[in-house]
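*Asks:* Below you will find the structure I want to go over with you.
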Amino acid sequence: MLVAGDEMGRTQQGNNNAYCQDNEISWVNWENADHELLEFTRKVIRFSKSHPVFCRRGWFKGQPIKGTGLEDIAWFLPEGTEMSDEDWQNGYAKSLGIFMSGHALRSVSATGQRIVDDTFYVLFNAHYESIDYKIPPKKWGTTWIKVLDTSTALVDEEGDTFQHGDTITVAARSVVVLKNPLSTHK
């Protein structure tokens with residue numbers, strides 16, 4: 001989630017409700033922008049807008065996708081196993097993976113065509129150290145491409161490739177997005 005000014009480290013002096021202030025607290029000073037961070041932010045926005053799975057009109061429902069044996073969304077531990085109800089109760093859990101199916105958008109285009117997209121596996125590491133994540137079993141996807149990494153400012157639809165069962169290191173306090181291309185879906 002981005003808020004205007006995040007791309008330049010604007011703090012609003014700690015005020016998280018500055019919308020009603022017409023002064024330096026809520027103004028955006030574009031001259032002070034970190035231009036590398038601004039360009040990365042632009043790339044992330046373009047990337048998310050180009051993939052309907054990130055621009056859904058409705059909430060994921062955690063429901064099975066007909067004929068696939070998969071849900072529209074699933075939550076994973078770094079070990080590559082699905083999270084249980086008990087896992088959600090652990091206050092120490094700082095990292096997780098989210099499977100988001102591009103086959104379960106339940107939307108149609110302006111011309112009535114069913115919208116489908118690539119499937120994504122998003123890895124969140126809120127821990128202060130790097131964490132190794134195991135890619136979930138083949139059922140969830142066989143080939144995954146790293147398309148976004150906030151620790152290196154990578155936004156590339158043709159990044160490093162990983163297979164189910166492989167391990168990927170996610171840097172401290174960062175997010176990695178893996179894509180299972182539409183052409184490789186079952």
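Residue numbering restarts at 1 in every chain; chains get A, B, ... in the order shown in the structure tokens, and ligands count up from 1 in that same order.
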Using DSSP on the backbone coordinates, identify the residues of stretch 43-142 of chain A assigned to strand (DSSP E); present them as a ChimeraX atom specification.
*Replies:* /A:73-76,95-100,119-125,131-134
*Asks:* Any chance you could tabulate, as a tab-separated table, the residues of stretch 149-178 of chain A at most 10 Å from stretch 116-140 of chain A with each one's nearest atom pair and distance in Å to one decimal, using only C-alpha atoms, in chain and rising number order?
*Replies:*
```
residue	atom	partner	partner_atom	distance
A:Asp149	CA	A:Leu123	CA	9.5
A:Phe162	CA	A:Ile135	CA	7.9
A:Gln163	CA	A:Ile135	CA	7.2
A:His164	CA	A:Ile135	CA	5.1
A:Gly165	CA	A:Ile135	CA	4.9
A:Asp166	CA	A:Ile135	CA	5.5
A:Thr167	CA	A:Lys134	CA	4.4
A:Ile168	CA	A:Tyr133	CA	5.3
A:Thr169	CA	A:Asp132	CA	4.3
A:Val170	CA	A:Ile131	CA	5.4
A:Ala171	CA	A:Ser130	CA	4.3
A:Ala172	CA	A:Ser130	CA	4.5
A:Arg173	CA	A:Ala126	CA	4.5
A:Ser174	CA	A:Asn125	CA	5.4
A:Val175	CA	A:Phe124	CA	4.8
A:Val176	CA	A:Leu123	CA	5.1
A:Val177	CA	A:Val122	CA	4.5
A:Leu178	CA	A:Tyr121	CA	5.1
```
*Asks:* Do you have the atom CA of A:Gly159-atom CA of A:Thr143 distance handy?
*Replies:*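 One can read the atom CA of A:Gly159 to atom CA of A:Thr143 distance as 12.0 Å.
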*Asks:* Just the number, please: distance in Å from atom CA of A:Lys43 to atom CA of A:Leu154, one decimal.
*Replies:* 9.1 Å
*Asks:* Extract, using only C-alpha atoms, all DNA, RNA and protein residues at most 7 Å from A:Ser26, discarding same-chain residues fewer than 6 positions from it, and format them as number ranges by chain.
*Replies:* A: 12, 18-19
*Asks:* Please write the residues from the selection above to a file, keeping C-alpha atoms, as an mmCIF file, in the first residue's frame.
*Replies:*
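Below is the file that was written, selection22.cif:
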```
data_model
loop_
_atom_site.group_PDB
_atom_site.id
_atom_site.type_symbol
_atom_site.label_atom_id
_atom_site.label_comp_id
_atom_site.auth_asym_id
_atom_site.auth_seq_id
_atom_site.Cartn_x
_atom_site.Cartn_y
_atom_site.Cartn_z
ATOM 1 C CA GLN A 12 3.863 13.876 8.005
ATOM 2 C CA ALA A 18 -3.147 14.794 8.063
ATOM 3 C CA TYR A 19 -5.696 15.010 5.241
#
```
*Asks:* Write out as a CSV table (one decimal) with C-alpha atoms, in the first residue's frame all residues of stretch 3-45 of chain A that backbone DSSP assigns to helix (DSSP H, G or I).
*Replies:*
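What ended up in states10.csv:
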```
chain,number,residue,atom,x,y,z
A,6,ASP,CA,6.0,7.5,0.7
A,7,GLU,CA,8.3,7.5,-2.3
A,8,MET,CA,10.3,10.3,-0.7
A,12,GLN,CA,3.9,13.9,8.0
A,13,GLN,CA,5.7,14.4,11.3
A,14,GLY,CA,4.0,11.3,12.7
A,18,ALA,CA,-3.1,14.8,8.1
A,19,TYR,CA,-5.7,15.0,5.2
A,20,CYS,CA,-7.3,18.1,6.8
A,30,TRP,CA,8.5,16.9,-5.1
A,31,GLU,CA,11.9,18.7,-5.2
A,32,ASN,CA,13.0,16.6,-2.3
A,35,HIS,CA,14.3,10.0,-7.7
A,36,GLU,CA,15.5,6.4,-7.7
A,37,LEU,CA,12.7,5.5,-5.2
A,38,LEU,CA,10.2,7.6,-7.2
A,39,GLU,CA,11.1,5.6,-10.4
A,40,PHE,CA,10.8,2.3,-8.5
A,41,THR,CA,7.4,3.3,-7.2
A,42,ARG,CA,6.3,4.2,-10.7
A,43,LYS,CA,7.4,0.8,-11.9
A,44,VAL,CA,5.6,-1.0,-9.1
A,45,ILE,CA,2.4,1.0,-9.9
```
*Asks:* Which neighbours of A:Asp85 fall inside 12 Å, counting only C-alpha atoms, when residues of the same chain fewer than 6 positions from it are skipped, and could you give them as a count of residues only?
*Replies:* 3
